[in-house]
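Q: Let me give you the structure first, and then I'll get to my questions.
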Amino acid sequence: MEPLVLMGDEALAQGALDAGIAGAFGYPGTPSTEIFEYVQAYRDRPVYARWSANEKTALEEALGMSFAGARALVSMKHVGLNVAADPFMNAAITGANGGLLIAVADDPGMHSSQNEQDSRYYAAFGHVPCLEPATQQEAYEMGYAGLDLSERLGLPVMVRLVTRLAHSRAPVVPKPAVVPPRRPVVSDPTRYTLLPVNARRHWAALAARWPLVAAAMAELPWNELRLAGRRLGVVASGIAHNYVMENLEGEEDLPSVLKVGAWPAPRDLLSRLFDHVDEVLVVEDGYPFLEEALLGALGHTPKPVHGRLDGRLPRTGELHPTNVRAALGLPVRPTLTAPLSDLSGRPPALCPGCPHADTYLALNAAMATHPEGRVFSDIGCYTLGALPPFRAIHTCVDMGASVSMALGAAQAGVHPSVAVIGDSTFGHSGMTPLLDAVRADAPMLVIILDNATVAMTGQQETACSGERLLSILRGLGVDPAHLRVVNPLRKHHEENVRILCEEIAHPGLSVVVPTRACIQIRK
Amino acid sequence: MDLNLILAGVGGQGILSIAWVLDAAATAEGFRFKQAEVHGMAQRGGAVQSHLRLSRDPIWSDLIPDGAVDVVLSVEPLEALRYVHALRPGGTVIASQNPYVNIPDYPDLEPLLDRIAALPDHVLIDAARLARAAGNVRAENMVLLGAASTLLPFAEATLLDQVAALFAAKGETLVRVNQDAFRFGKQMAAFYRVGLVEGIAPAELRRRCAEQDPRTLAPA
């Protein structure tokens, strides 16, 4: 078939589409967003694809589709899996009926994230087998074959991508599309009913058959051992394999290489590599997951192991062919110049005309007389309010944490205690802490920036904007006298400052909703 | 022939459009390629870059190793300097001389351009002027693509076809504007390179380029 030019994200989605998924679920988050968007744009046959409120509802919805016997894809960024951790941890205990593919895009180097957590630990924690593509073609094939694998094992399967594969394009050769016959809806009433009496039985059964799952994963073609030189053996996982092979091009004294594309890691291939070589280098993007597993609690192995833990590779941050080259002991390539250390940085910034900018100008003016006050912010474009010229916020921790942290701080006497959260993040994880704040009538101000879109990730549909947002706020019990809608424009600055000051002075909960569409969707 | 490029600029300047044209040209001419780009937070007015690798042979890494970059193609002068450390000895910088100033500590322009001009192989282009001459100032990215075109392993007709494909949905006028921008960039880069070979000092060369009418500048 004709090759398609696809990013890693898109290749995975195309693979899952060609394997007959009936639906895709997800919440936007860099670098995973394009997985779902690709399915959303697909027109060859009807596939359900509506953004979910958050990653937890997305994974549960996908689990329901799998329960019903259809194949499902759910996608999220690495920190989204924290939100979805509750269903994730139980999904291997219930198992999958229709194929269930959980695509998680990690962000080593934190290009657009608050941490660089490695989702393979979740795979191990939840007993969910994990595939890790090195190339766009593998992302496609893992999307395609991963659904078969899920049904064959009766388990959800995770595909772990990293930013550099998620957002890198290359030609991909697709396979013929199939739509497999629907499996029957689950009829055993105990299988998904995790009462302790059932859950104990399912968990014991999963633990008992885990060695068979590990054996099946070890046999997959994405693991590959190439024995060569005896001096060094390299264990290279996912995209790290590309960086290793890039540097071995044209070298004569080739090390032995074990490419790892599936977890649980292939024990037999690892043993053969260790038997063959004098020492081992583990190269993996993200945390030293395999390296720690090899070293175990005792910290010694039959042959010395090098990697991120002993400093052969940087302990944190993203891999790059250049730092992998050094770890392989190869000479530095000559360059035209040394890095220029005196260049001005160019961090991201709010767009010219952004409504958040006007809100922050008003908020800074209202807070000017309250140096003891604190502003708790959240995940979105408005997090850029931390940077000059605004320097308007004090925190950004996780989705929804603005409201809940402001509540905790207010109860500890911080005043003014202000939360700043966007409409989509509010729908994702802000409603539940606001319910806490309503019940406590906590002395705090919640500012919900309603720009009618999920802006940072590329203007996706928001679940909670406009009149629906106001209805939700009233429904949660926010006092209508302290629910104020303002228009964040420069010409309303004085009025907006006055309203913010009034609500800061109110001794209970206030919610102010600056409402103006994102400048990007107005274009 | 293998070619490794870093495309550089500021979020919103259209480097992904340059990448799209190059990907499509590579497909049309049977090249393998990998093209890593930046999405998300940095696209909000931050520094962005795309690594683009072209080869007849399989390509391993999506990122280009330091010392293996052949060309830095930048829609913005400060952003060009951000990646010169990754160039191989003998590598080339093709850069716009038009600053995108959205930071308070943007350096003085002339010394900045002189730093680029001090590199052994470079072209500086007034992309904004040529894009305006072509009919739309937003076509700066296509001016730069044209300026780099003689370093690329593709036929000019292939590149112009893909420029047309990129803008086809937006109407014939924009197709023509962007193709003209490409041609103006190519011709001005040739004029600049001849000037460098003749030993004209870079500042003087920029002044002479500014006097040239891109519509009448003879194809090199």
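To be explicit about the labels: the chains of the structure tokens are called A, B, and onward in the order shown, and within each one the residues are counted from 1, while ligands get numbers from 1 in the order they are shown.
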Distance cut-off 7 Å, counting only C-alpha atoms - which residues of chain A neighbour chain B? Return them as JSON, numbers by chain.

A: {"A": [30, 112, 164, 167, 168, 169, 170, 242, 243, 245, 246, 320, 321, 322, 333, 334, 335, 336, 337, 338, 339, 344, 346, 347, 348, 349, 350, 351, 456, 457]}

Q: As JSON, numbers by chain, please: the residues near Ala131 in chain B (cut-off 9 Å, only C-alpha atoms, same-chain neighbours under 2 positions excluded).

A: {"B": [126, 127, 128, 129, 133, 134, 135, 136, 137, 138, 139, 140, 141, 142, 143, 177, 178, 180, 181, 182, 184, 185]}

Q: Could those selected residues go to a file with N, CA, C and O atoms, as a PDB file, in the first residue's frame?

A:
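Saved file result05.pdb follows:
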```pdb
ATOM      1  N   ASP B 126      16.634  39.658   3.427  1.00  0.00           N
ATOM      2  CA  ASP B 126      15.562  40.523   3.923  1.00  0.00           C
ATOM      3  C   ASP B 126      14.240  39.887   3.490  1.00  0.00           C
ATOM      4  O   ASP B 126      13.624  40.292   2.501  1.00  0.00           O
ATOM      5  N   ALA B 127      13.833  38.877   4.227  1.00  0.00           N
ATOM      6  CA  ALA B 127      12.672  38.074   3.815  1.00  0.00           C
ATOM      7  C   ALA B 127      11.394  38.893   3.840  1.00  0.00           C
ATOM      8  O   ALA B 127      10.509  38.693   3.013  1.00  0.00           O
ATOM      9  N   ALA B 128      11.314  39.825   4.770  1.00  0.00           N
ATOM     10  CA  ALA B 128      10.078  40.616   4.865  1.00  0.00           C
ATOM     11  C   ALA B 128       9.896  41.457   3.601  1.00  0.00           C
ATOM     12  O   ALA B 128       8.796  41.526   3.042  1.00  0.00           O
ATOM     13  N   ARG B 129      10.989  42.074   3.144  1.00  0.00           N
ATOM     14  CA  ARG B 129      10.886  42.907   1.935  1.00  0.00           C
ATOM     15  C   ARG B 129      10.498  42.053   0.727  1.00  0.00           C
ATOM     16  O   ARG B 129       9.632  42.425  -0.071  1.00  0.00           O
ATOM     17  N   ALA B 133       7.156  42.170  -1.549  1.00  0.00           N
ATOM     18  CA  ALA B 133       7.248  42.346  -3.001  1.00  0.00           C
ATOM     19  C   ALA B 133       6.463  41.258  -3.728  1.00  0.00           C
ATOM     20  O   ALA B 133       5.884  41.486  -4.794  1.00  0.00           O
ATOM     21  N   ALA B 134       6.433  40.061  -3.125  1.00  0.00           N
ATOM     22  CA  ALA B 134       5.671  38.971  -3.744  1.00  0.00           C
ATOM     23  C   ALA B 134       4.176  39.144  -3.519  1.00  0.00           C
ATOM     24  O   ALA B 134       3.373  38.527  -4.223  1.00  0.00           O
ATOM     25  N   GLY B 135       3.811  39.961  -2.519  1.00  0.00           N
ATOM     26  CA  GLY B 135       2.393  40.244  -2.347  1.00  0.00           C
ATOM     27  C   GLY B 135       1.826  39.930  -0.980  1.00  0.00           C
ATOM     28  O   GLY B 135       0.655  40.199  -0.727  1.00  0.00           O
ATOM     29  N   ASN B 136       2.627  39.343  -0.082  1.00  0.00           N
ATOM     30  CA  ASN B 136       2.084  39.035   1.249  1.00  0.00           C
ATOM     31  C   ASN B 136       3.230  38.833   2.224  1.00  0.00           C
ATOM     32  O   ASN B 136       4.065  37.941   2.041  1.00  0.00           O
ATOM     33  N   VAL B 137       3.267  39.653   3.257  1.00  0.00           N
ATOM     34  CA  VAL B 137       4.396  39.613   4.186  1.00  0.00           C
ATOM     35  C   VAL B 137       4.466  38.278   4.935  1.00  0.00           C
ATOM     36  O   VAL B 137       5.511  37.895   5.454  1.00  0.00           O
ATOM     37  N   ARG B 138       3.336  37.553   4.953  1.00  0.00           N
ATOM     38  CA  ARG B 138       3.356  36.258   5.631  1.00  0.00           C
ATOM     39  C   ARG B 138       4.103  35.191   4.830  1.00  0.00           C
ATOM     40  O   ARG B 138       4.279  34.066   5.307  1.00  0.00           O
ATOM     41  N   ALA B 139       4.545  35.518   3.635  1.00  0.00           N
ATOM     42  CA  ALA B 139       5.259  34.540   2.800  1.00  0.00           C
ATOM     43  C   ALA B 139       6.764  34.534   3.074  1.00  0.00           C
ATOM     44  O   ALA B 139       7.534  33.942   2.317  1.00  0.00           O
ATOM     45  N   GLU B 140       7.198  35.141   4.187  1.00  0.00           N
ATOM     46  CA  GLU B 140       8.635  35.129   4.535  1.00  0.00           C
ATOM     47  C   GLU B 140       9.199  33.712   4.574  1.00  0.00           C
ATOM     48  O   GLU B 140      10.334  33.465   4.157  1.00  0.00           O
ATOM     49  N   ASN B 141       8.392  32.779   5.094  1.00  0.00           N
ATOM     50  CA  ASN B 141       8.901  31.401   5.194  1.00  0.00           C
ATOM     51  C   ASN B 141       9.230  30.834   3.812  1.00  0.00           C
ATOM     52  O   ASN B 141      10.232  30.137   3.636  1.00  0.00           O
ATOM     53  N   MET B 142       8.423  31.176   2.801  1.00  0.00           N
ATOM     54  CA  MET B 142       8.683  30.653   1.458  1.00  0.00           C
ATOM     55  C   MET B 142       9.884  31.359   0.808  1.00  0.00           C
ATOM     56  O   MET B 142      10.580  30.770  -0.008  1.00  0.00           O
ATOM     57  N   VAL B 143      10.126  32.620   1.186  1.00  0.00           N
ATOM     58  CA  VAL B 143      11.353  33.300   0.745  1.00  0.00           C
ATOM     59  C   VAL B 143      12.565  32.510   1.243  1.00  0.00           C
ATOM     60  O   VAL B 143      13.513  32.231   0.484  1.00  0.00           O
ATOM     61  N   VAL B 177       1.612  34.108  -5.073  1.00  0.00           N
ATOM     62  CA  VAL B 177       2.388  34.927  -4.125  1.00  0.00           C
ATOM     63  C   VAL B 177       3.499  34.080  -3.495  1.00  0.00           C
ATOM     64  O   VAL B 177       4.663  34.493  -3.423  1.00  0.00           O
ATOM     65  N   ASN B 178       3.152  32.905  -3.065  1.00  0.00           N
ATOM     66  CA  ASN B 178       4.138  32.077  -2.364  1.00  0.00           C
ATOM     67  C   ASN B 178       5.183  31.517  -3.316  1.00  0.00           C
ATOM     68  O   ASN B 178       6.352  31.368  -2.948  1.00  0.00           O
ATOM     69  N   ASP B 180       6.168  33.113  -5.999  1.00  0.00           N
ATOM     70  CA  ASP B 180       7.031  34.273  -6.267  1.00  0.00           C
ATOM     71  C   ASP B 180       7.989  34.503  -5.099  1.00  0.00           C
ATOM     72  O   ASP B 180       9.173  34.791  -5.292  1.00  0.00           O
ATOM     73  N   ALA B 181       7.471  34.375  -3.897  1.00  0.00           N
ATOM     74  CA  ALA B 181       8.320  34.556  -2.714  1.00  0.00           C
ATOM     75  C   ALA B 181       9.476  33.560  -2.759  1.00  0.00           C
ATOM     76  O   ALA B 181      10.630  33.915  -2.481  1.00  0.00           O
ATOM     77  N   PHE B 182       9.173  32.328  -3.124  1.00  0.00           N
ATOM     78  CA  PHE B 182      10.200  31.297  -3.255  1.00  0.00           C
ATOM     79  C   PHE B 182      11.252  31.725  -4.290  1.00  0.00           C
ATOM     80  O   PHE B 182      12.459  31.687  -4.025  1.00  0.00           O
ATOM     81  N   PHE B 184      11.954  34.751  -5.489  1.00  0.00           N
ATOM     82  CA  PHE B 184      12.708  35.933  -5.048  1.00  0.00           C
ATOM     83  C   PHE B 184      13.788  35.526  -4.042  1.00  0.00           C
ATOM     84  O   PHE B 184      14.919  36.023  -4.093  1.00  0.00           O
ATOM     85  N   GLY B 185      13.416  34.626  -3.141  1.00  0.00           N
ATOM     86  CA  GLY B 185      14.384  34.167  -2.142  1.00  0.00           C
ATOM     87  C   GLY B 185      15.550  33.464  -2.806  1.00  0.00           C
ATOM     88  O   GLY B 185      16.719  33.685  -2.460  1.00  0.00           O
TER      89      GLY B 185
END
```

Q: Just list as an NGL selection string whatever in range 327-375 of chain A DSSP marks as alpha helix (DSSP H).

A: :A and (327 or 355-367)

Q: Give me, as a list in words, all polymer residues having an atom no more than 7 Å from range 125-129 of chain A, counting only C-alpha atoms and skipping those fewer than 6 positions away in the same chain.

A: Phe88, Met89, Ala92, Leu155, Pro156, Val157, Met158, Trp263 and Pro264 of chain A

Q: How about saving the chosen residues, N, CA, C and O atoms kept, as a PDB file, in the first residue's frame?

A:
```pdb
ATOM      1  N   PHE A  88      -7.265   2.609  35.701  1.00  0.00           N
ATOM      2  CA  PHE A  88      -6.122   1.902  35.116  1.00  0.00           C
ATOM      3  C   PHE A  88      -5.683   0.744  36.004  1.00  0.00           C
ATOM      4  O   PHE A  88      -5.422  -0.362  35.538  1.00  0.00           O
ATOM      5  N   MET A  89      -5.602   1.019  37.312  1.00  0.00           N
ATOM      6  CA  MET A  89      -5.103  -0.013  38.234  1.00  0.00           C
ATOM      7  C   MET A  89      -6.034  -1.213  38.320  1.00  0.00           C
ATOM      8  O   MET A  89      -5.618  -2.292  38.739  1.00  0.00           O
ATOM      9  N   ALA A  92      -6.548  -4.232  34.517  1.00  0.00           N
ATOM     10  CA  ALA A  92      -5.959  -5.554  34.265  1.00  0.00           C
ATOM     11  C   ALA A  92      -6.635  -6.611  35.124  1.00  0.00           C
ATOM     12  O   ALA A  92      -6.625  -7.793  34.787  1.00  0.00           O
ATOM     13  N   LEU A 155      -6.253  -8.650  28.256  1.00  0.00           N
ATOM     14  CA  LEU A 155      -5.781  -7.546  29.108  1.00  0.00           C
ATOM     15  C   LEU A 155      -5.733  -6.262  28.284  1.00  0.00           C
ATOM     16  O   LEU A 155      -5.522  -6.313  27.071  1.00  0.00           O
ATOM     17  N   PRO A 156      -5.875  -5.113  28.951  1.00  0.00           N
ATOM     18  CA  PRO A 156      -5.554  -3.885  28.227  1.00  0.00           C
ATOM     19  C   PRO A 156      -4.067  -3.872  27.886  1.00  0.00           C
ATOM     20  O   PRO A 156      -3.270  -4.506  28.582  1.00  0.00           O
ATOM     21  N   VAL A 157      -3.707  -3.171  26.809  1.00  0.00           N
ATOM     22  CA  VAL A 157      -2.299  -3.043  26.426  1.00  0.00           C
ATOM     23  C   VAL A 157      -1.968  -1.559  26.368  1.00  0.00           C
ATOM     24  O   VAL A 157      -2.723  -0.768  25.787  1.00  0.00           O
ATOM     25  N   MET A 158      -0.851  -1.180  26.996  1.00  0.00           N
ATOM     26  CA  MET A 158      -0.403   0.209  26.929  1.00  0.00           C
ATOM     27  C   MET A 158       0.595   0.366  25.781  1.00  0.00           C
ATOM     28  O   MET A 158       1.417  -0.524  25.540  1.00  0.00           O
ATOM     29  N   TRP A 263       7.254  -4.671  27.184  1.00  0.00           N
ATOM     30  CA  TRP A 263       7.424  -4.965  28.601  1.00  0.00           C
ATOM     31  C   TRP A 263       6.317  -5.898  29.048  1.00  0.00           C
ATOM     32  O   TRP A 263       5.195  -5.700  28.634  1.00  0.00           O
ATOM     33  N   PRO A 264       6.492  -6.902  29.880  1.00  0.00           N
ATOM     34  CA  PRO A 264       7.725  -7.236  30.601  1.00  0.00           C
ATOM     35  C   PRO A 264       8.901  -7.508  29.658  1.00  0.00           C
ATOM     36  O   PRO A 264       8.731  -8.095  28.600  1.00  0.00           O
TER      37      PRO A 264
END
```

Q: Residues of range 62-186 of chain B classed as strand (DSSP E or B) by DSSP on the backbone are to be reported as an MDAnalysis selection string.

A: chainID B and resid 69:74 87:96 122:125

Q: Let's have the selection written as a PDB file, in the first residue's frame, with C-alpha atoms.

A:
```
ATOM      1  CA  VAL B  69      23.558  19.418  10.780  1.00  0.00           C
ATOM      2  CA  ASP B  70      24.219  20.564   7.213  1.00  0.00           C
ATOM      3  CA  VAL B  71      21.916  23.572   7.109  1.00  0.00           C
ATOM      4  CA  VAL B  72      20.255  25.839   9.658  1.00  0.00           C
ATOM      5  CA  LEU B  73      17.323  27.463   7.885  1.00  0.00           C
ATOM      6  CA  SER B  74      15.874  30.189  10.081  1.00  0.00           C
ATOM      7  CA  LEU B  87      26.313  22.540  12.468  1.00  0.00           C
ATOM      8  CA  ARG B  88      29.063  20.375  11.049  1.00  0.00           C
ATOM      9  CA  PRO B  89      32.251  22.171  10.018  1.00  0.00           C
ATOM     10  CA  GLY B  90      31.394  23.587   6.606  1.00  0.00           C
ATOM     11  CA  GLY B  91      27.680  23.782   7.412  1.00  0.00           C
ATOM     12  CA  THR B  92      25.489  26.605   6.139  1.00  0.00           C
ATOM     13  CA  VAL B  93      23.179  29.151   7.761  1.00  0.00           C
ATOM     14  CA  ILE B  94      20.345  30.585   5.705  1.00  0.00           C
ATOM     15  CA  ALA B  95      18.597  33.202   7.784  1.00  0.00           C
ATOM     16  CA  SER B  96      16.139  36.025   7.591  1.00  0.00           C
ATOM     17  CA  HIS B 122      25.866  31.880   5.312  1.00  0.00           C
ATOM     18  CA  VAL B 123      23.143  33.825   3.523  1.00  0.00           C
ATOM     19  CA  LEU B 124      21.224  36.691   5.100  1.00  0.00           C
ATOM     20  CA  ILE B 125      17.971  37.632   3.435  1.00  0.00           C
TER      21      ILE B 125
END
```

Q: Env of Gly229 in chain A: 6 Å cut, atoms = only C-alpha atoms, seq-sep filter 4 positions within chain, self excluded. Answer as a compact mmCIF listing (two decimals) with N, CA, C and O atoms, in the first residue's frame.

A:
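The result, written out as around.txt:
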```txt
# COMPACT_ATOMS: atom_id res chain seq x y z
N LEU A 254 31.46 -3.12 16.66
CA LEU A 254 30.07 -2.94 17.07
C LEU A 254 29.78 -3.65 18.38
O LEU A 254 30.15 -4.82 18.56
N PRO A 255 29.10 -2.98 19.30
CA PRO A 255 28.65 -3.66 20.50
C PRO A 255 27.47 -4.58 20.18
O PRO A 255 26.85 -4.46 19.12
N SER A 256 27.17 -5.49 21.10
CA SER A 256 25.94 -6.27 20.97
C SER A 256 24.78 -5.39 21.42
O SER A 256 24.93 -4.59 22.35
```

Q: So how far away is CA of Pro433 in chain A from CA of Ala84 in chain A, in Å?

A: 17.4 Å

Q: Between CA of Met1 in chain A and CA of Ala25 in chain B, measure the distance and give it in Å to one decimal.

A: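 Rounded to one decimal, the two atoms are 19.3 Å apart.
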
Q: Determine the nearest neighbour of Leu328 in chain A from the options A:Leu248, A:Leu309, A:Met405, A:Ala41, counting only C-alpha atoms.

A: A:Leu248

Q: Quick one: everything within 12 Å of range 294-300 of chain A, counting only C-alpha atoms, minus sequence neighbours fewer than 2 positions away in the same chain. Send it as a PyMOL selection string.

A: chain A and resi 235+265-267+270-271+274+280-282+288-292+302-307+309-310

Q: For each of B:Leu130, B:Glu29, B:Ala118, B:Pro153, take the minimum atom-to-atom distance to Cys209 in chain B, counting only C-alpha atoms, then give the residue where this is smallest.

A: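 That would be B:Leu130, the residue with the smallest distance to Cys209 in chain B.
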
Q: Which of these residues is nearest to Ala262 in chain A, using only C-alpha atoms: A:Val186, A:Leu131, A:Ala207, A:Ala392?

A: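 Closest to Ala262 in chain A, using only C-alpha atoms: A:Leu131.
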
Q: List as a PDB file with all heavy atoms, in the first residue's frame the protein and nucleic acid residues near Ser149 in chain B, meaning an atom at most 8 Å away when only C-alpha atoms are counted, but skip any in the same chain fewer than 5 places from it.

A:
```
ATOM      1  N   PHE B 154      16.344  18.440  -4.282  1.00  0.00           N
ATOM      2  CA  PHE B 154      15.112  18.333  -5.065  1.00  0.00           C
ATOM      3  C   PHE B 154      15.158  19.252  -6.277  1.00  0.00           C
ATOM      4  O   PHE B 154      15.765  20.319  -6.231  1.00  0.00           O
ATOM      5  CB  PHE B 154      13.891  18.742  -4.225  1.00  0.00           C
ATOM      6  CG  PHE B 154      13.776  18.014  -2.929  1.00  0.00           C
ATOM      7  CD1 PHE B 154      13.590  18.705  -1.746  1.00  0.00           C
ATOM      8  CD2 PHE B 154      13.852  16.619  -2.895  1.00  0.00           C
ATOM      9  CE1 PHE B 154      13.472  18.026  -0.547  1.00  0.00           C
ATOM     10  CE2 PHE B 154      13.732  15.943  -1.695  1.00  0.00           C
ATOM     11  CZ  PHE B 154      13.552  16.646  -0.514  1.00  0.00           C
ATOM     12  N   GLU B 156      13.729  22.100  -8.642  1.00  0.00           N
ATOM     13  CA  GLU B 156      12.964  23.294  -8.292  1.00  0.00           C
ATOM     14  C   GLU B 156      11.486  23.108  -8.615  1.00  0.00           C
ATOM     15  O   GLU B 156      10.608  23.545  -7.858  1.00  0.00           O
ATOM     16  CB  GLU B 156      13.516  24.508  -9.047  1.00  0.00           C
ATOM     17  CG  GLU B 156      12.741  25.779  -8.709  1.00  0.00           C
ATOM     18  CD  GLU B 156      13.372  27.037  -9.298  1.00  0.00           C
ATOM     19  OE1 GLU B 156      14.611  27.075  -9.417  1.00  0.00           O
ATOM     20  OE2 GLU B 156      12.616  27.959  -9.647  1.00  0.00           O
ATOM     21  N   LYS B 186      15.240  32.619  -3.774  1.00  0.00           N
ATOM     22  CA  LYS B 186      16.295  31.879  -4.460  1.00  0.00           C
ATOM     23  C   LYS B 186      17.254  32.834  -5.179  1.00  0.00           C
ATOM     24  O   LYS B 186      18.484  32.704  -5.083  1.00  0.00           O
ATOM     25  CB  LYS B 186      15.665  30.913  -5.484  1.00  0.00           C
ATOM     26  CG  LYS B 186      16.692  30.081  -6.216  1.00  0.00           C
ATOM     27  CD  LYS B 186      16.082  29.237  -7.312  1.00  0.00           C
ATOM     28  CE  LYS B 186      17.211  28.514  -8.045  1.00  0.00           C
ATOM     29  NZ  LYS B 186      16.808  28.054  -9.367  1.00  0.00           N
TER      30      LYS B 186
END
```

Q: Between CA of Val159 in chain A and CA of Ser75 in chain A, what is the distance in Å, rounded to a tenth?

A: 9.3 Å

Q: Determine, counting only C-alpha atoms, which protein, DNA and RNA residues have an atom within 8 Å of an atom of Leu4 in chain A; residues of the same chain fewer than 5 positions away are not included. Present the result as a ChimeraX atom specification.

A: /A:171-174

Q: For Arg468 in chain A, which of A:Ser52, A:Ser429, A:Gln117, A:Ser424 is the closest residue, counting only C-alpha atoms?

A: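 Residue with the minimum atom-to-atom distance to Arg468 in chain A: A:Ser424.
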